[in-house]
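To keep things clear, I will list the structure first and then write my remarks on it.
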Amino acid sequence: MPHQRLSLCLLLLASNVLAQEGDYFPPPDNEGGWRTLTEPSEIRNIAGIDVRRLDQAFEYAQRTSQHGGLLVVRRGWMVYERYYGKGSREANPDMYSVTKAVTSIACGIMLHERNSEIPAGLEQKVFTRKYLPQALPLNDPRKGEIKLGQLLAMTAGITDSAAAGSGRTIGTMSSDFNALIAPLWSDPGAAYRYSTLSTHLASMVLRNVTGMELEKYIEERMAKPMQWGRWGFARHYEEPPLPHTPGGVGIAMRSTDALRFSYLLLRNGRWRKLQLVPASYIELCSHPSPYNPYTPFSLQFEVNADGHVSGAPRDAYFKSGGGGVAVYVVPSLDMIVYKMASVKFPDFPFDNYNPALTGLPQAYKYDGSRNDWKPHAFDQFHDGPIEGDTGVRRVLEMVVASVVE
C-alpha cells in the first residue's frame, strides 16, 4: 500500500508538471535562472531522462572538440549542464554558423513587423534599389531574380568564393563587399549550396528595411525581452573591426541564453505573454522548405523530416556551427539541447573563446586542463578527428536515447 501511495503521488506530481510546463519560462540568471533538477531519481520521474545516458553523450562530446559543454532542458527543467576546457556558463565564444539561425529568426520578426515595407515576404526579390541598393549595378543580371527565401534557404546560387582572394578569413566572409560581389554558381533557385555570404546578404536586407544593425535589432527584439545576460558579436577578426554586424557568423551568447533562444523556438515564438516571433515563421524554419527541395535545410536550420538522423524524431531541427557547436529543438520530446564546442582555424592566432574577438570581458578563469588535447580517432570507423556535423548529429541521437518513457 505505501508503494502504491508513493506511485500515485509521483504520478500526480508528474501530471501537475506536465500541465504547467507550457507556461514556464526561465527568469534571467541573475534572478535564479532555469529551474533545475539534480537528483537522478527526480530527473527520471519528472523529466523522463536517464542521466547516465547524458553522461555518455557528454563523454562523446569531449572527443569532438577541445573546449565545450553539453546542456539539456526537458519539460522546462534543466537536467544537465556540464563543461570541459574553456567551456563555462560565463563564456562568450563565437558560435560561428549558429549565428545564421538567429539571423533567420530576426528576419522572421522583421517580415511581420515591417510587412508593409516588404509585402511579398520571403517571395520578395531583394537585389533592388529598395532592399539592396549597395548591390547596384548588378554584376550578374540573374541576381535580380533572387528572393529573400532563397537567401535564407541557401538556394540563391551565391557562392563564398569571393572571399578567397582576400585570404578567406572570417571577417571577409562576412563583409558587405564580398557578399555583394559574390559570383553565382547556379541560377537562383536551381540548387543548394551552403553559403555564409548568402546569410549575410539577408542581414543586409534587414538592415536596409529596419534602419538598424542586426546586432541592435536582435538586442531590441530578442535579448531584452528574454533578458539575456552578457552577449555580443565577434567583429574583431580584422583591424579595423567589421563595420557592420556579420549575418553568418559571430554571435557570442552565454550557454544558458543559447538555451533561451532554443526555448523560444520550442514555444513557437512565444516568450511569456509576448509573441516575439510569428508562430508561422517558426513552422517554416522547422519543416522542409519549398525554397529548398534539394536537401533537408530550411530557413537556416537542418530539419530531420526525412529521418537522416535516424536516432532522432523526425520533428527535430537544429543549427550547427564551426567545431561542432549546435542548438537543437525536439518538439515531440519537449526538449532543447545546446552543444558547446571550439575551433581554431590554422591561419588564425586563437580559438573562438578568446575575448579579443568580441571585446567582452572573460568572467571566469580557465584552468588549462585541455591544453594538451589532440583530436583522435573515436573507433575503428574513424581514421582521424570526428567531423563537426557527424559529432553534432551523433550527440543528438545520444541525448534522445536518454528519454526513458
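Identifiers in the C-alpha cells: chain A, B, ... in order shown; residue index from 1 per chain; ligand index from 1 in order shown.
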
Please identify which residues in region 267-393 of chain A DSSP calls strand (DSSP E) from the backbone, and express them as an mmCIF file with C-alpha atoms, in the first residue's frame.
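Final output, saved to states.cif:
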data_model
loop_
_atom_site.group_PDB
_atom_site.id
_atom_site.type_symbol
_atom_site.label_atom_id
_atom_site.label_comp_id
_atom_site.auth_asym_id
_atom_site.auth_seq_id
_atom_site.Cartn_x
_atom_site.Cartn_y
_atom_site.Cartn_z
ATOM 1 C CA ARG A 270 6.285 32.934 -27.583
ATOM 2 C CA TRP A 271 8.089 34.274 -24.519
ATOM 3 C CA LEU A 274 4.759 38.104 -25.799
ATOM 4 C CA GLN A 275 4.685 36.565 -29.280
ATOM 5 C CA GLU A 302 18.776 21.416 -40.633
ATOM 6 C CA VAL A 303 15.480 19.531 -40.413
ATOM 7 C CA TYR A 317 15.622 20.542 -36.126
ATOM 8 C CA PHE A 318 18.914 22.205 -35.310
ATOM 9 C CA LYS A 319 21.701 24.510 -36.441
ATOM 10 C CA SER A 320 25.375 23.670 -36.180
ATOM 11 C CA GLY A 321 28.495 25.796 -36.458
ATOM 12 C CA VAL A 325 28.674 23.813 -31.768
ATOM 13 C CA ALA A 326 24.903 23.356 -32.137
ATOM 14 C CA VAL A 327 21.479 24.309 -30.838
ATOM 15 C CA TYR A 328 18.727 21.677 -31.086
ATOM 16 C CA VAL A 329 14.930 21.693 -30.774
ATOM 17 C CA VAL A 330 12.886 18.477 -30.461
ATOM 18 C CA MET A 335 13.395 19.105 -25.346
ATOM 19 C CA ILE A 336 16.128 21.565 -26.230
ATOM 20 C CA VAL A 337 19.884 20.959 -26.241
ATOM 21 C CA TYR A 338 22.999 23.106 -26.539
ATOM 22 C CA LYS A 339 26.313 21.543 -27.541
ATOM 23 C CA MET A 340 29.185 23.949 -26.900
#

_Residues within 10 Å of Gly324 (chain A), only C-alpha atoms, excluding chain neighbours under 4 positions, as a PyMOL selection string_ = chain A and resi 61+64-65+68+95-98+319-320+339-343+386-393+395

Hey, can you spit out that residue selection with N, CA and C atoms as a PDB file, in the first residue's frame?
ATOM      1  N   ALA A  61      30.953  13.977 -26.542  1.00  0.00           N
ATOM      2  CA  ALA A  61      31.139  15.372 -26.957  1.00  0.00           C
ATOM      3  C   ALA A  61      32.559  15.839 -26.691  1.00  0.00           C
ATOM      4  N   THR A  64      34.971  15.432 -29.473  1.00  0.00           N
ATOM      5  CA  THR A  64      34.741  16.146 -30.726  1.00  0.00           C
ATOM      6  C   THR A  64      35.404  17.513 -30.788  1.00  0.00           C
ATOM      7  N   SER A  65      35.764  18.107 -29.626  1.00  0.00           N
ATOM      8  CA  SER A  65      36.418  19.415 -29.645  1.00  0.00           C
ATOM      9  C   SER A  65      37.194  19.621 -28.353  1.00  0.00           C
ATOM     10  N   GLY A  68      34.264  22.925 -24.555  1.00  0.00           N
ATOM     11  CA  GLY A  68      32.835  22.908 -24.822  1.00  0.00           C
ATOM     12  C   GLY A  68      32.010  22.510 -23.626  1.00  0.00           C
ATOM     13  N   MET A  95      29.919  31.597 -31.711  1.00  0.00           N
ATOM     14  CA  MET A  95      29.160  30.390 -32.025  1.00  0.00           C
ATOM     15  C   MET A  95      29.123  30.115 -33.535  1.00  0.00           C
ATOM     16  N   TYR A  96      29.929  30.856 -34.268  1.00  0.00           N
ATOM     17  CA  TYR A  96      30.062  30.663 -35.708  1.00  0.00           C
ATOM     18  C   TYR A  96      28.706  30.556 -36.396  1.00  0.00           C
ATOM     19  N   SER A  97      28.445  29.491 -37.140  1.00  0.00           N
ATOM     20  CA  SER A  97      27.264  29.461 -38.002  1.00  0.00           C
ATOM     21  C   SER A  97      25.947  29.290 -37.268  1.00  0.00           C
ATOM     22  N   VAL A  98      25.959  29.061 -35.960  1.00  0.00           N
ATOM     23  CA  VAL A  98      24.704  29.124 -35.213  1.00  0.00           C
ATOM     24  C   VAL A  98      24.101  30.518 -35.361  1.00  0.00           C
ATOM     25  N   LYS A 319      20.720  23.755 -35.656  1.00  0.00           N
ATOM     26  CA  LYS A 319      21.701  24.510 -36.441  1.00  0.00           C
ATOM     27  C   LYS A 319      23.065  24.313 -35.817  1.00  0.00           C
ATOM     28  N   SER A 320      24.011  23.913 -36.644  1.00  0.00           N
ATOM     29  CA  SER A 320      25.375  23.670 -36.180  1.00  0.00           C
ATOM     30  C   SER A 320      26.292  24.786 -36.661  1.00  0.00           C
ATOM     31  N   LYS A 339      24.992  22.168 -27.522  1.00  0.00           N
ATOM     32  CA  LYS A 339      26.313  21.543 -27.541  1.00  0.00           C
ATOM     33  C   LYS A 339      27.343  22.642 -27.784  1.00  0.00           C
ATOM     34  N   MET A 340      28.088  22.997 -26.737  1.00  0.00           N
ATOM     35  CA  MET A 340      29.185  23.949 -26.900  1.00  0.00           C
ATOM     36  C   MET A 340      30.364  23.239 -27.545  1.00  0.00           C
ATOM     37  N   ALA A 341      31.181  23.970 -28.257  1.00  0.00           N
ATOM     38  CA  ALA A 341      32.351  23.377 -28.904  1.00  0.00           C
ATOM     39  C   ALA A 341      33.370  24.472 -29.163  1.00  0.00           C
ATOM     40  N   SER A 342      34.473  24.103 -29.772  1.00  0.00           N
ATOM     41  CA  SER A 342      35.516  25.073 -30.069  1.00  0.00           C
ATOM     42  C   SER A 342      36.170  24.743 -31.392  1.00  0.00           C
ATOM     43  N   VAL A 343      36.817  25.743 -31.962  1.00  0.00           N
ATOM     44  CA  VAL A 343      37.566  25.543 -33.192  1.00  0.00           C
ATOM     45  C   VAL A 343      38.640  26.618 -33.292  1.00  0.00           C
ATOM     46  N   ILE A 386      36.778  13.410 -35.372  1.00  0.00           N
ATOM     47  CA  ILE A 386      35.351  13.310 -35.679  1.00  0.00           C
ATOM     48  C   ILE A 386      34.916  14.599 -36.356  1.00  0.00           C
ATOM     49  N   GLU A 387      34.412  14.498 -37.543  1.00  0.00           N
ATOM     50  CA  GLU A 387      33.972  15.673 -38.304  1.00  0.00           C
ATOM     51  C   GLU A 387      32.823  16.356 -37.568  1.00  0.00           C
ATOM     52  N   GLY A 388      32.797  17.707 -37.648  1.00  0.00           N
ATOM     53  CA  GLY A 388      31.876  18.503 -36.841  1.00  0.00           C
ATOM     54  C   GLY A 388      30.433  18.084 -36.930  1.00  0.00           C
ATOM     55  N   ASP A 389      29.892  17.982 -38.150  1.00  0.00           N
ATOM     56  CA  ASP A 389      28.482  17.643 -38.294  1.00  0.00           C
ATOM     57  C   ASP A 389      28.192  16.213 -37.865  1.00  0.00           C
ATOM     58  N   THR A 390      29.162  15.311 -38.036  1.00  0.00           N
ATOM     59  CA  THR A 390      28.983  13.941 -37.548  1.00  0.00           C
ATOM     60  C   THR A 390      28.793  13.952 -36.035  1.00  0.00           C
ATOM     61  N   GLY A 391      29.641  14.718 -35.339  1.00  0.00           N
ATOM     62  CA  GLY A 391      29.515  14.830 -33.891  1.00  0.00           C
ATOM     63  C   GLY A 391      28.206  15.471 -33.478  1.00  0.00           C
ATOM     64  N   VAL A 392      27.770  16.484 -34.212  1.00  0.00           N
ATOM     65  CA  VAL A 392      26.509  17.166 -33.904  1.00  0.00           C
ATOM     66  C   VAL A 392      25.344  16.195 -33.982  1.00  0.00           C
ATOM     67  N   ARG A 393      25.273  15.428 -35.033  1.00  0.00           N
ATOM     68  CA  ARG A 393      24.146  14.502 -35.209  1.00  0.00           C
ATOM     69  C   ARG A 393      24.201  13.353 -34.215  1.00  0.00           C
ATOM     70  N   VAL A 395      25.555  13.368 -31.160  1.00  0.00           N
ATOM     71  CA  VAL A 395      25.165  13.856 -29.837  1.00  0.00           C
ATOM     72  C   VAL A 395      23.651  13.961 -29.732  1.00  0.00           C
TER      73      VAL A 395
END

_DSSP alpha helix (DSSP H) selection over region 146-386 of chain A, as a ChimeraX atom specification_ = /A:148-153,176-181,196-210,214-218,224-226,255-266,279-285

Please dump the current selection as a compact mmCIF listing (two decimals), in the first residue's frame; keep N, CA and C atoms.
# COMPACT_ATOMS: atom_id res chain seq x y z
N LEU A 148 14.26 36.60 -51.08
CA LEU A 148 14.73 36.52 -49.71
C LEU A 148 14.69 35.08 -49.20
N GLY A 149 13.63 34.34 -49.52
CA GLY A 149 13.53 32.95 -49.10
C GLY A 149 14.66 32.09 -49.62
N GLN A 150 15.13 32.40 -50.82
CA GLN A 150 16.25 31.65 -51.39
C GLN A 150 17.56 31.98 -50.67
N LEU A 151 17.75 33.23 -50.28
CA LEU A 151 18.93 33.58 -49.49
C LEU A 151 18.95 32.80 -48.18
N LEU A 152 17.79 32.71 -47.52
CA LEU A 152 17.72 32.06 -46.22
C LEU A 152 17.76 30.54 -46.32
N ALA A 153 17.37 29.99 -47.46
CA ALA A 153 17.44 28.54 -47.66
C ALA A 153 18.70 28.12 -48.39
N ASP A 176 30.24 43.27 -46.31
CA ASP A 176 29.29 43.70 -47.34
C ASP A 176 29.91 43.55 -48.72
N PHE A 177 31.15 43.98 -48.86
CA PHE A 177 31.78 43.99 -50.18
C PHE A 177 31.79 42.61 -50.79
N ASN A 178 32.28 41.61 -50.05
CA ASN A 178 32.36 40.27 -50.62
C ASN A 178 30.98 39.67 -50.87
N ALA A 179 30.02 39.98 -50.00
CA ALA A 179 28.67 39.46 -50.22
C ALA A 179 28.07 40.03 -51.51
N LEU A 180 28.31 41.31 -51.75
CA LEU A 180 27.71 41.96 -52.91
C LEU A 180 28.34 41.53 -54.23
N ILE A 181 29.63 41.22 -54.22
CA ILE A 181 30.27 40.82 -55.47
C ILE A 181 30.33 39.30 -55.66
N THR A 196 27.82 31.31 -46.37
CA THR A 196 27.80 32.33 -45.32
C THR A 196 27.43 33.69 -45.91
N LEU A 197 27.92 33.98 -47.12
CA LEU A 197 27.62 35.27 -47.74
C LEU A 197 26.14 35.41 -48.06
N SER A 198 25.48 34.32 -48.38
CA SER A 198 24.04 34.35 -48.62
C SER A 198 23.30 34.85 -47.39
N THR A 199 23.68 34.32 -46.22
CA THR A 199 23.04 34.75 -44.97
C THR A 199 23.38 36.20 -44.66
N HIS A 200 24.61 36.60 -44.96
CA HIS A 200 24.96 38.00 -44.70
C HIS A 200 24.14 38.94 -45.58
N LEU A 201 23.87 38.54 -46.80
CA LEU A 201 23.01 39.36 -47.66
C LEU A 201 21.62 39.51 -47.05
N ALA A 202 21.09 38.44 -46.45
CA ALA A 202 19.78 38.53 -45.78
C ALA A 202 19.84 39.53 -44.64
N SER A 203 20.96 39.55 -43.90
CA SER A 203 21.09 40.51 -42.80
C SER A 203 21.20 41.93 -43.33
N MET A 204 21.77 42.11 -44.51
CA MET A 204 21.83 43.43 -45.12
C MET A 204 20.44 43.91 -45.50
N VAL A 205 19.60 42.99 -46.00
CA VAL A 205 18.21 43.36 -46.30
C VAL A 205 17.53 43.84 -45.02
N LEU A 206 17.73 43.11 -43.93
CA LEU A 206 17.13 43.51 -42.64
C LEU A 206 17.63 44.90 -42.24
N ARG A 207 18.92 45.14 -42.40
CA ARG A 207 19.49 46.44 -42.04
C ARG A 207 18.87 47.55 -42.87
N ASN A 208 18.69 47.31 -44.17
CA ASN A 208 18.14 48.34 -45.04
C ASN A 208 16.66 48.58 -44.79
N VAL A 209 15.92 47.53 -44.43
CA VAL A 209 14.48 47.68 -44.19
C VAL A 209 14.21 48.34 -42.84
N THR A 210 14.94 47.91 -41.80
CA THR A 210 14.66 48.39 -40.44
C THR A 210 15.44 49.64 -40.07
N LEU A 214 21.95 44.57 -37.41
CA LEU A 214 21.43 43.29 -36.96
C LEU A 214 21.61 43.11 -35.46
N GLU A 215 22.80 43.45 -34.94
CA GLU A 215 23.05 43.28 -33.51
C GLU A 215 22.05 44.09 -32.67
N LYS A 216 21.79 45.32 -33.07
CA LYS A 216 20.85 46.16 -32.34
C LYS A 216 19.43 45.60 -32.46
N TYR A 217 19.09 45.10 -33.62
CA TYR A 217 17.75 44.55 -33.83
C TYR A 217 17.54 43.32 -32.95
N ILE A 218 18.54 42.45 -32.88
CA ILE A 218 18.46 41.27 -32.01
C ILE A 218 18.35 41.71 -30.56
N LYS A 224 16.56 41.71 -25.04
CA LYS A 224 15.92 42.44 -23.94
C LYS A 224 14.65 41.75 -23.46
N PRO A 225 13.71 41.39 -24.33
CA PRO A 225 12.50 40.74 -23.83
C PRO A 225 12.78 39.41 -23.12
N MET A 226 13.82 38.69 -23.58
CA MET A 226 14.14 37.39 -22.98
C MET A 226 15.15 37.52 -21.86
N SER A 255 25.88 30.23 -22.40
CA SER A 255 25.25 28.95 -22.70
C SER A 255 23.77 28.91 -22.31
N THR A 256 23.43 29.48 -21.16
CA THR A 256 22.04 29.43 -20.72
C THR A 256 21.14 30.32 -21.56
N ASP A 257 21.73 31.31 -22.22
CA ASP A 257 20.94 32.14 -23.14
C ASP A 257 20.81 31.48 -24.51
N ALA A 258 21.80 30.69 -24.90
CA ALA A 258 21.64 29.87 -26.10
C ALA A 258 20.45 28.93 -25.92
N LEU A 259 20.27 28.42 -24.70
CA LEU A 259 19.09 27.61 -24.40
C LEU A 259 17.81 28.44 -24.46
N ARG A 260 17.87 29.67 -23.99
CA ARG A 260 16.68 30.52 -24.06
C ARG A 260 16.26 30.75 -25.51
N PHE A 261 17.24 30.95 -26.38
CA PHE A 261 16.92 31.11 -27.80
C PHE A 261 16.21 29.86 -28.32
N SER A 262 16.73 28.69 -28.00
CA SER A 262 16.10 27.44 -28.45
C SER A 262 14.72 27.25 -27.83
N TYR A 263 14.57 27.69 -26.58
CA TYR A 263 13.29 27.55 -25.89
C TYR A 263 12.23 28.44 -26.54
N LEU A 264 12.66 29.59 -27.03
CA LEU A 264 11.75 30.46 -27.78
C LEU A 264 11.21 29.73 -29.00
N LEU A 265 12.06 28.98 -29.69
CA LEU A 265 11.63 28.21 -30.84
C LEU A 265 10.70 27.07 -30.41
N LEU A 266 11.07 26.39 -29.33
CA LEU A 266 10.26 25.28 -28.83
C LEU A 266 8.85 25.74 -28.47
N ALA A 279 4.45 32.52 -35.03
CA ALA A 279 4.46 31.05 -34.98
C ALA A 279 4.54 30.48 -36.39
N SER A 280 3.98 31.18 -37.36
CA SER A 280 4.02 30.71 -38.74
C SER A 280 5.44 30.67 -39.27
N TYR A 281 6.30 31.59 -38.81
CA TYR A 281 7.69 31.59 -39.27
C TYR A 281 8.47 30.44 -38.61
N ILE A 282 8.20 30.17 -37.34
CA ILE A 282 8.81 29.01 -36.68
C ILE A 282 8.45 27.73 -37.42
N GLU A 283 7.21 27.65 -37.86
CA GLU A 283 6.75 26.49 -38.63
C GLU A 283 7.58 26.34 -39.91
N LEU A 284 7.87 27.44 -40.58
CA LEU A 284 8.66 27.38 -41.81
C LEU A 284 10.10 26.96 -41.53
N CYS A 285 10.64 27.38 -40.39
CA CYS A 285 12.02 27.02 -40.04
C CYS A 285 12.14 25.55 -39.68

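The closest residue to Pro246 (chain A), picked from A:Ser310, A:Ser175, A:Trp228, A:Arg193 and counting only C-alpha atoms, is A:Ser175.
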
*Within 12 Å of Lys147 (chain A), counting only C-alpha atoms, which residues show up once you throw out same-chain ones fewer than 6 positions away? Write them as a PyMOL selection string, please.*
chain A and resi 118+120-128+131-132+153-158+187-189+198+201-202+205+291

*In Å to one decimal, how far is CA of Leu396 (chain A) from CA of Ala305 (chain A)?*
14.6 Å

*Return the single residue from A:Val249, A:Asn371, A:Ala182, A:Arg394 that is closest to Ala312 (chain A), with distances computed using only C-alpha atoms.*
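Using only C-alpha atoms, Ala312 (chain A) sits closest to A:Arg394.
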
*Identify which of the residues A:Glu113, A:Glu405, A:Glu31, A:Asp55 lies closest to Val277 (chain A), counting only C-alpha atoms when measuring atom-to-atom distances.*
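Between A:Glu113, A:Glu405, A:Glu31, A:Asp55, the residue approaching Val277 (chain A) most closely is A:Glu113.
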